[in-house]
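File shown: work_6.txt. Contents: compact mmCIF, C-alpha atoms.
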# COMPACT_ATOMS: atom_id res chain seq x y z
CA MET I 27 13.81 9.83 -2.33
CA GLN I 28 12.87 10.88 1.18
CA GLU I 29 9.25 11.24 0.09
CA VAL I 30 9.25 7.74 -1.39
CA LYS I 31 10.72 6.30 1.79
CA GLN I 32 8.17 8.13 3.93
CA THR I 33 5.26 6.95 1.79
CA TYR I 34 6.53 3.35 1.96
CA GLU I 35 6.87 3.47 5.72
CA GLU I 36 3.40 4.99 6.07
CA SER I 37 1.96 2.23 3.89
CA LEU I 38 3.44 -0.38 6.21
CA LYS I 39 1.53 1.13 9.11
CA VAL I 40 -1.75 1.19 7.20
CA LEU I 41 -1.42 -2.24 5.61
CA GLN I 42 -0.61 -4.41 8.61
CA SER I 43 -1.03 -8.11 7.93
CA THR I 44 -3.36 -10.23 9.98
CA THR I 45 -2.54 -13.57 11.51
CA ASP I 46 -4.95 -15.25 9.07
CA GLU I 47 -3.26 -13.61 6.12
CA ILE I 48 0.23 -14.83 6.95
CA PHE I 49 -0.81 -18.36 7.94
CA ASP I 50 -3.54 -19.31 5.49
CA HIS I 51 -1.78 -19.25 2.14
CA THR I 52 1.27 -21.52 2.46
CA TYR I 53 -0.82 -24.70 2.04
CA GLU I 54 -4.39 -25.41 0.94
CA ALA I 55 -5.23 -26.09 4.57
CA LEU I 56 -3.30 -25.58 7.79
CA THR I 57 -1.13 -28.55 8.66
CA PRO I 58 -1.40 -29.91 12.23
CA THR I 59 1.89 -28.16 13.04
CA LEU I 60 0.61 -24.87 11.69
CA VAL I 61 -2.61 -25.18 13.69
CA GLU I 62 -0.43 -25.29 16.80
CA GLN I 63 1.78 -22.45 15.64
CA LYS I 64 -1.13 -20.20 14.72
CA ALA I 65 -2.71 -20.85 18.12
CA ASP I 66 0.59 -19.93 19.71
CA LEU I 67 0.67 -16.57 17.93
CA LEU I 68 -2.97 -15.85 18.76
CA ALA I 69 -2.30 -16.64 22.42
CA TYR I 70 0.65 -14.24 22.37
CA GLN I 71 -1.50 -11.51 20.83
CA SER I 72 -4.37 -11.93 23.29
CA MET Y 6 24.13 -3.96 -2.13
CA PHE Y 7 25.07 -3.14 1.47
CA ARG Y 8 28.47 -1.71 0.56
CA VAL Y 9 30.36 -4.48 2.36
CA THR Y 10 32.88 -4.63 -0.48
CA GLU Y 11 33.13 -0.87 -0.97
CA GLY Y 12 36.62 0.26 -1.92
CA LEU Y 13 38.06 -3.23 -2.33
CA GLN Y 14 38.41 -3.03 -6.11
CA ALA Y 15 40.24 0.30 -5.91
CA LYS Y 16 42.57 -1.15 -3.31
CA TYR Y 17 43.23 -4.62 -4.74
CA GLY Y 18 42.57 -4.22 -8.46
CA GLU Y 19 40.15 -5.53 -11.05
CA GLU Y 20 41.80 -8.93 -11.32
CA ARG Y 21 41.07 -9.81 -7.71
CA ILE Y 22 37.82 -7.90 -7.12
CA PHE Y 23 35.22 -7.86 -9.88
CA ASP Y 24 31.49 -7.73 -10.55
CA SER Y 25 29.77 -10.63 -12.23
CA PRO Y 26 26.55 -11.12 -14.16
CA ILE Y 27 23.59 -11.78 -11.84
CA ALA Y 28 23.63 -15.51 -12.42
CA GLU Y 29 24.09 -17.15 -9.04
CA ALA Y 30 24.80 -20.70 -10.21
CA THR Y 31 27.43 -19.42 -12.62
CA ILE Y 32 29.07 -17.29 -9.96
CA VAL Y 33 29.42 -20.18 -7.52
CA GLY Y 34 30.38 -22.65 -10.24
CA THR Y 35 33.17 -20.34 -11.33
CA ALA Y 36 34.32 -20.00 -7.74
CA VAL Y 37 34.36 -23.78 -7.28
CA GLY Y 38 36.62 -24.01 -10.32
CA ALA Y 39 38.86 -21.24 -8.99
CA ALA Y 40 39.14 -23.01 -5.63
CA LEU Y 41 40.03 -26.31 -7.30
CA ALA Y 42 42.71 -24.44 -9.24
CA GLY Y 43 44.33 -23.31 -6.01
CA LEU Y 44 42.73 -19.92 -5.32
CA ARG Y 45 40.65 -18.93 -2.30
CA PRO Y 46 37.60 -17.27 -3.87
CA VAL Y 47 35.16 -15.20 -1.81
CA VAL Y 48 31.74 -14.92 -3.42
CA GLU Y 49 29.32 -12.24 -2.33
CA MET Y 50 25.70 -13.04 -3.09
CA GLN Y 51 23.28 -10.15 -2.88
CA PHE Y 52 20.51 -11.90 -0.92
CA GLN Y 53 20.13 -15.34 0.58
CA GLY Y 54 16.71 -15.62 -1.02
CA PHE Y 55 18.40 -15.68 -4.42
CA SER Y 56 20.89 -18.40 -3.50
CA PHE Y 57 18.67 -21.34 -4.46
CA PRO Y 58 20.20 -21.73 -7.95
CA THR Y 59 23.60 -22.20 -6.28
CA PHE Y 60 22.55 -25.40 -4.53
CA GLN Y 61 23.42 -27.44 -7.61
CA GLN Y 62 27.04 -26.24 -7.43
CA LEU Y 63 27.20 -26.37 -3.63
CA MET Y 64 25.73 -29.83 -3.13
CA VAL Y 65 27.04 -31.58 -6.20
CA HIS Y 66 30.53 -30.11 -6.24
CA ALA Y 67 31.71 -27.76 -3.47
CA ALA Y 68 30.52 -29.90 -0.58
CA ARG Y 69 31.73 -33.24 -1.88
CA TYR Y 70 34.83 -32.66 -3.98
CA ARG Y 71 37.07 -33.58 -1.05
CA ASN Y 72 35.23 -36.86 -0.53
CA ARG Y 73 34.99 -37.56 -4.24
CA THR Y 74 38.76 -37.27 -4.66
CA ARG Y 75 39.71 -38.98 -1.37
CA SER Y 76 41.00 -35.63 -0.08
CA ASN Y 77 43.25 -35.02 -3.07
CA PHE Y 78 41.26 -31.88 -3.96
CA LYS Y 79 39.64 -29.26 -1.75
CA VAL Y 80 37.27 -26.33 -2.31
CA PRO Y 81 38.41 -23.53 0.03
CA MET Y 82 35.67 -21.13 -1.00
CA VAL Y 83 33.69 -18.60 1.04
CA LEU Y 84 30.10 -17.88 0.05
CA ARG Y 85 28.92 -14.81 1.90
CA MET Y 86 25.42 -13.38 1.74
CA PRO Y 87 22.96 -11.18 3.63
CA MET Y 88 20.23 -13.17 5.36
CA GLY Y 89 17.10 -12.73 7.44
CA GLY Y 90 14.46 -10.07 7.83
CA GLY Y 91 13.87 -7.05 9.97
CA VAL Y 92 14.30 -4.40 7.30
CA ASN Y 93 10.82 -4.47 5.72
CA ALA Y 94 12.07 -5.90 2.46
CA LEU Y 95 10.20 -7.52 -0.42
CA GLU Y 96 9.69 -11.17 -1.38
CA HIS Y 97 12.90 -13.26 -1.55
CA HIS Y 98 14.77 -10.66 0.53
CA SER Y 99 14.07 -11.89 4.07
CA GLU Y 100 14.78 -15.62 3.98
CA ALA Y 101 16.55 -17.40 6.83
CA ILE Y 102 17.61 -20.71 5.31
CA GLU Y 103 20.72 -21.50 7.32
CA ALA Y 104 19.36 -24.97 8.10
CA LEU Y 105 19.34 -25.84 4.39
CA PHE Y 106 23.06 -25.12 4.11
CA ALA Y 107 23.80 -26.80 7.45
CA HIS Y 108 22.06 -29.95 6.20
CA ILE Y 109 24.70 -30.45 3.51
CA PRO Y 110 27.68 -32.53 4.71
CA GLY Y 111 30.91 -30.88 3.60
CA LEU Y 112 29.80 -27.28 4.15
CA LYS Y 113 30.51 -25.19 7.20
CA VAL Y 114 28.04 -22.44 8.11
CA VAL Y 115 28.79 -19.40 10.26
CA MET Y 116 26.83 -16.30 11.27
CA PRO Y 117 28.36 -13.40 13.26
CA SER Y 118 26.37 -11.19 15.61
CA THR Y 119 29.04 -8.56 16.25
CA ALA Y 120 31.48 -6.59 14.13
CA ILE Y 121 34.40 -8.20 15.97
CA ASP Y 122 33.18 -11.69 15.13
CA ALA Y 123 32.26 -10.60 11.60
CA LYS Y 124 35.94 -9.89 10.95
CA GLY Y 125 37.25 -12.87 12.91
CA LEU Y 126 34.89 -15.37 11.33
CA LEU Y 127 35.53 -14.02 7.84
CA ILE Y 128 39.27 -14.46 8.27
CA SER Y 129 38.73 -17.97 9.63
CA ALA Y 130 36.43 -18.73 6.70
CA VAL Y 131 38.97 -17.52 4.13
CA ARG Y 132 41.71 -19.57 5.79
CA SER Y 133 39.52 -22.68 6.04
CA ASN Y 134 40.26 -25.51 3.63
CA ASP Y 135 36.55 -26.38 3.56
CA THR Y 136 33.79 -24.41 1.87
CA VAL Y 137 32.25 -21.96 4.33
CA VAL Y 138 28.83 -20.34 3.97
CA TYR Y 139 29.16 -17.01 5.75
CA LEU Y 140 25.77 -15.51 6.59
CA GLU Y 141 25.35 -11.83 7.43
CA PRO Y 142 22.15 -10.75 9.23
CA LYS Y 143 21.11 -7.71 7.23
CA LYS Y 144 19.24 -6.35 10.24
CA LEU Y 145 22.63 -5.76 11.88
CA TYR Y 146 24.30 -3.86 9.02
CA ARG Y 147 23.03 -0.48 10.21
CA SER Y 148 22.07 -1.39 13.78
CA PHE Y 149 25.15 -0.54 15.77
CA LYS Y 150 28.81 0.38 15.58
CA GLU Y 151 31.65 -1.40 17.30
CA GLU Y 152 35.41 -0.88 17.42
CA VAL Y 153 37.24 -3.69 15.64
CA PRO Y 154 40.89 -4.57 16.31
CA ALA Y 155 43.12 -3.48 13.43
CA GLN Y 156 45.27 -6.59 13.47
CA ILE Y 157 44.51 -9.89 11.79
CA TYR Y 158 42.78 -12.35 14.14
CA GLU Y 159 40.51 -15.37 13.88
CA THR Y 160 37.23 -16.19 15.56
CA PRO Y 161 37.36 -19.98 15.59
CA ILE Y 162 34.80 -21.83 13.49
CA GLY Y 163 32.85 -24.31 15.61
CA LYS Y 164 33.13 -22.40 18.86
CA ALA Y 165 30.11 -20.75 20.51
CA LYS Y 166 30.39 -17.84 22.91
CA VAL Y 167 28.79 -17.50 26.32
CA VAL Y 168 27.75 -13.84 26.08
CA VAL Y 169 26.21 -13.66 29.55
CA GLU Y 170 26.53 -16.25 32.28
CA GLY Y 171 23.42 -17.31 34.20
CA SER Y 172 21.93 -20.12 36.24
CA ASP Y 173 18.14 -20.32 35.66
CA ILE Y 174 17.87 -20.98 31.92
CA THR Y 175 20.08 -21.27 28.84
CA ILE Y 176 19.04 -19.28 25.78
CA VAL Y 177 20.84 -20.30 22.61
CA THR Y 178 20.61 -18.04 19.59
CA TYR Y 179 22.75 -16.49 16.85
CA GLY Y 180 22.96 -13.60 14.41
CA ALA Y 181 20.53 -10.72 14.86
CA HIS Y 182 18.63 -12.53 17.58
CA VAL Y 183 21.54 -12.32 19.99
CA HIS Y 184 20.58 -8.65 20.19
CA VAL Y 185 16.86 -9.43 20.46
CA VAL Y 186 17.47 -11.73 23.43
CA PHE Y 187 19.82 -9.19 24.97
CA GLU Y 188 17.09 -6.55 24.64
CA ALA Y 189 14.66 -8.91 26.38
CA MET Y 190 17.16 -9.42 29.20
CA LYS Y 191 17.52 -5.65 29.62
CA LYS Y 192 13.74 -5.23 29.72
CA LEU Y 193 13.46 -7.92 32.39
CA MET Y 194 16.18 -6.30 34.44
CA GLU Y 195 14.56 -2.86 34.14
CA ALA Y 196 11.26 -4.40 35.24
CA GLY Y 197 12.97 -5.81 38.31
CA LYS Y 198 12.44 -9.43 37.28
CA ASN Y 199 14.79 -11.74 39.09
CA ILE Y 200 15.88 -14.23 36.45
CA SER Y 201 19.39 -15.39 35.66
CA ILE Y 202 19.74 -16.12 31.94
CA GLU Y 203 22.78 -17.71 30.32
CA LEU Y 204 22.95 -16.33 26.78
CA ILE Y 205 24.90 -18.33 24.21
CA ASP Y 206 25.76 -16.94 20.78
CA LEU Y 207 26.25 -19.99 18.57
CA ARG Y 208 28.38 -18.08 15.98
CA THR Y 209 28.83 -21.30 13.99
CA ILE Y 210 25.69 -23.10 12.81
CA SER Y 211 27.61 -26.08 11.44
CA PRO Y 212 29.48 -27.69 13.06
CA ILE Y 213 27.48 -26.83 16.19
CA ASP Y 214 29.44 -26.34 19.40
CA THR Y 215 27.45 -28.95 21.27
CA GLU Y 216 29.87 -29.01 24.20
CA THR Y 217 29.24 -25.38 25.21
CA VAL Y 218 25.46 -25.83 24.97
CA ILE Y 219 25.45 -29.10 26.91
CA GLU Y 220 27.64 -27.72 29.69
CA SER Y 221 25.32 -24.76 30.05
CA VAL Y 222 22.15 -26.85 30.12
CA LYS Y 223 23.68 -29.14 32.73
CA LYS Y 224 24.04 -26.03 34.89
CA THR Y 225 20.66 -24.37 34.24
CA GLY Y 226 18.35 -27.33 33.53
CA ARG Y 227 16.31 -25.29 31.06
CA LEU Y 228 16.77 -24.45 27.39
CA LEU Y 229 15.16 -22.00 24.98
CA VAL Y 230 16.46 -21.74 21.40
CA VAL Y 231 15.62 -18.57 19.50
CA HIS Y 232 15.95 -17.87 15.77
CA GLU Y 233 13.92 -16.40 12.94
CA ALA Y 234 14.13 -19.37 10.59
CA VAL Y 235 11.11 -21.65 10.42
CA LYS Y 236 10.56 -24.01 13.33
CA SER Y 237 10.34 -27.50 11.86
CA PHE Y 238 13.57 -29.28 10.81
CA SER Y 239 15.50 -26.29 12.12
CA VAL Y 240 18.73 -25.44 13.94
CA ALA Y 241 16.65 -25.27 17.12
CA SER Y 242 15.39 -28.78 16.46
CA GLU Y 243 18.96 -30.07 16.09
CA ILE Y 244 20.15 -28.38 19.28
CA ILE Y 245 17.26 -29.77 21.29
CA ALA Y 246 17.83 -33.24 19.87
CA GLN Y 247 21.48 -33.08 20.95
CA VAL Y 248 20.51 -31.89 24.43
CA ASN Y 249 17.95 -34.67 24.75
CA GLU Y 250 20.58 -37.23 23.76
CA LYS Y 251 23.38 -35.92 25.97
CA ALA Y 252 21.85 -34.05 28.90
CA PHE Y 253 18.32 -35.39 29.28
CA ASP Y 254 18.76 -36.22 32.96
CA TYR Y 255 19.73 -32.64 33.71
CA LEU Y 256 16.57 -31.10 32.23
CA GLU Y 257 14.02 -29.71 34.66
CA GLU Y 258 11.54 -28.77 31.92
CA ALA Y 259 11.02 -29.52 28.25
CA PRO Y 260 13.25 -27.41 25.96
CA GLN Y 261 11.42 -24.87 23.83
CA ARG Y 262 11.84 -23.30 20.37
CA LEU Y 263 10.95 -19.66 19.71
CA THR Y 264 11.30 -19.27 15.98
CA GLY Y 265 9.63 -18.18 12.80
CA TYR Y 266 6.56 -20.16 11.80
CA ASP Y 267 6.43 -22.89 9.15
CA ILE Y 268 5.09 -20.49 6.55
CA THR Y 269 6.41 -18.59 3.57
CA VAL Y 270 8.19 -15.55 4.95
CA PRO Y 271 5.55 -12.79 5.06
CA LEU Y 272 6.04 -9.60 3.14
CA ALA Y 273 7.17 -6.49 4.95
CA ARG Y 274 3.89 -5.68 6.62
CA GLY Y 275 3.62 -9.15 8.18
CA GLU Y 276 7.19 -9.34 9.31
CA ASN Y 277 6.43 -8.19 12.84
CA LEU Y 278 4.16 -11.19 13.29
CA PHE Y 279 6.77 -13.63 12.01
CA ARG Y 280 10.08 -12.71 13.59
CA PRO Y 281 10.59 -13.25 17.33
CA ASP Y 282 11.09 -9.97 19.17
CA ALA Y 283 12.11 -9.09 22.71
CA ASP Y 284 8.55 -9.06 24.03
CA LYS Y 285 7.91 -12.50 22.64
CA VAL Y 286 11.08 -13.83 24.26
CA ILE Y 287 9.73 -12.55 27.59
CA TRP Y 288 6.30 -14.05 26.88
CA TYR Y 289 7.93 -17.43 26.19
CA LEU Y 290 9.87 -17.27 29.44
CA GLU Y 291 6.64 -16.44 31.26
CA THR Y 292 4.36 -18.99 29.65
CA LYS Y 293 6.46 -21.93 28.47
CA PHE Y 294 8.47 -22.43 31.63
CA SER Y 295 6.99 -22.82 35.09
CA GLY Y 296 8.09 -20.51 37.84
CA LEU Y 297 10.78 -18.61 35.95
CA LEU Y 298 8.95 -15.26 35.99
Show how you would write the structure in this file as structure tokens.
Amino acid sequence: MQEVKQTYEESLKVLQSTTDEIFDHTYEALTPTLVEQKADLLAYQS
Amino acid sequence: MFRVTEGLQAKYGEERIFDSPIAEATIVGTAVGAALAGLRPVVEMQFQGFSFPTFQQLMVHAARYRNRTRSNFKVPMVLRMPMGGGVNALEHHSEAIEALFAHIPGLKVVMPSTAIDAKGLLISAVRSNDTVVYLEPKKLYRSFKEEVPAQIYETPIGKAKVVVEGSDITIVTYGAHVHVVFEAMKKLMEAGKNISIELIDLRTISPIDTETVIESVKKTGRLLVVHEAVKSFSVASEIIAQVNEKAFDYLEEAPQRLTGYDITVPLARGENLFRPDADKVIWYLETKFSGLL
């Protein structure tokens, strides 16, 4: 069990999501609100 | 799932404490019937993300039976469930949909941030003659320990708590994010930043304790609302609307919302981008308000 947990936690480090990945698949295209929100996250990351 | 009912069946017997099939609508429908028959059922749902099938029973029956019968019948039921992210869970396990429940007239919605309030709010919920949705931030289950009074006591539904008094800005939050904001405040203090934050733990989502929030904003002139649920049509939106209606002349700057984004909750590996954390609270204070930091 410990090994499974460790492997899962390691995978989370390797497979980090990108901003594009989390924003770009809720709708066909970003809504005006999401354009603002994505810009907000990118500004925070920069 | 999180052992919150561990030992209850052994203590109170199989007639009062029992497992059910995993059929959420059936569970809540049965509880509505039990409440109408004079019992006070407490339903434990395993994850908020699986509560969507219950909306039929909640909206059509639990929330409106009192109105439908001109107060001749009531549904004193408690629907408790783990909510929110922060534990790297899978799809449907990290939802924060408190605003959906709060949008239904006839339901009350509470969310504790401490063990003391978890007990007090649960007792208040069980004693309430209205249906109460009792939301438990799963991030907090294993986060900290706290001594809880042994006696029976109530944390009043509809009453927020001023956790820390301050004069520069009011931060309103609830659930796990009370601790996130508190962590941000500690970081600011350790960094020698001179900012006086008034931290309000809402404790009850619906009905909102508008009075406590308004009084605070009248004092500080600034407002930031923090939660992990999506931004649009949210609890933060409602609070800011109330402040604009009742304390607009006291505002020195536009109120702000630091929340999750209007997207499907990301899977575990994207969670850190979605949920507000302490550093992002500090970044908001730095960039969204002039002259605070």
Completion exercise
CA of Lys113 in chain Y to CA of Ser211 in chain Y measures 5.2 Å
Handout entry: Residues within 7 Å of Thr160 in chain Y, only C-alpha atoms, excluding chain neighbours under 5 positions, as a ChimeraX atom specification
Key = /Y:122,125-126,129
Since we have the selection now, will you write its residues out, keeping C-alpha atoms, as a short mmCIF file (atom, residue, chain, number, x, y, z; two decimals), keeping the file's coordinate frame?
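Now in out20.cif:
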data_model
loop_
_atom_site.label_atom_id
_atom_site.label_comp_id
_atom_site.auth_asym_id
_atom_site.auth_seq_id
_atom_site.Cartn_x
_atom_site.Cartn_y
_atom_site.Cartn_z
CA ASP Y 122 33.18 -11.69 15.13
CA GLY Y 125 37.25 -12.87 12.91
CA LEU Y 126 34.89 -15.37 11.33
CA SER Y 129 38.73 -17.97 9.63
#
Exercise for the section: Find the residues of chain Y in contact range of chain I, meaning any atom within 7 Å when counting all atoms listed in the file, and list them as a list in words. Expected result: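 My answer is Tyr266, Asp267, Ile268, Thr269, Pro271, Arg274 and Gly275 of chain Y.
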Handout entry: Residues within 10 Å of range 38-40 of chain Y, only C-alpha atoms, excluding chain neighbours under 2 positions, as a PyMOL selection string
Key = chain Y and resi 33-36+42-47+66-67+78-83+134+136
Exercise for the section: Enter the distance from CA of Ala69 in chain I to CA of Val235 in chain Y, in Å, rounded to one decimal. Expected result: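 Pair CA of Ala69 in chain I / CA of Val235 in chain Y returns 18.7 Å.
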Exercise for the section: Have a look at CA of Pro26 in chain Y and CA of Met86 in chain Y and let me know their distance in Å, one decimal. Expected result: 16.1 Å
Handout entry: Counting only C-alpha atoms, the residue of Y:Glu141, Y:Glu20, Y:Glu233, Y:Asp135 that sits nearest Pro87 in chain Y
Key =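 Using only C-alpha atoms, the shortest distance to Pro87 in chain Y belongs to Y:Glu141.
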Exercise for the section: Have a look at Y:Ser242, Y:Asn72, Y:Asn93, Y:Thr217 and name the one nearest to Pro110 in chain Y; count only C-alpha atoms. Expected result: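 So, comparing all the options, the nearest one is Y:Asn72.
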Exercise on range 117-122 of chain Y, axis-aligned box with 8 Å per side, report centre and edge lengths in Å to one decimal, as AutoDock Vina command-line options:
--center_x 30.4 --center_y -10.0 --center_z 14.8 --size_x 24.0 --size_y 22.8 --size_z 19.0
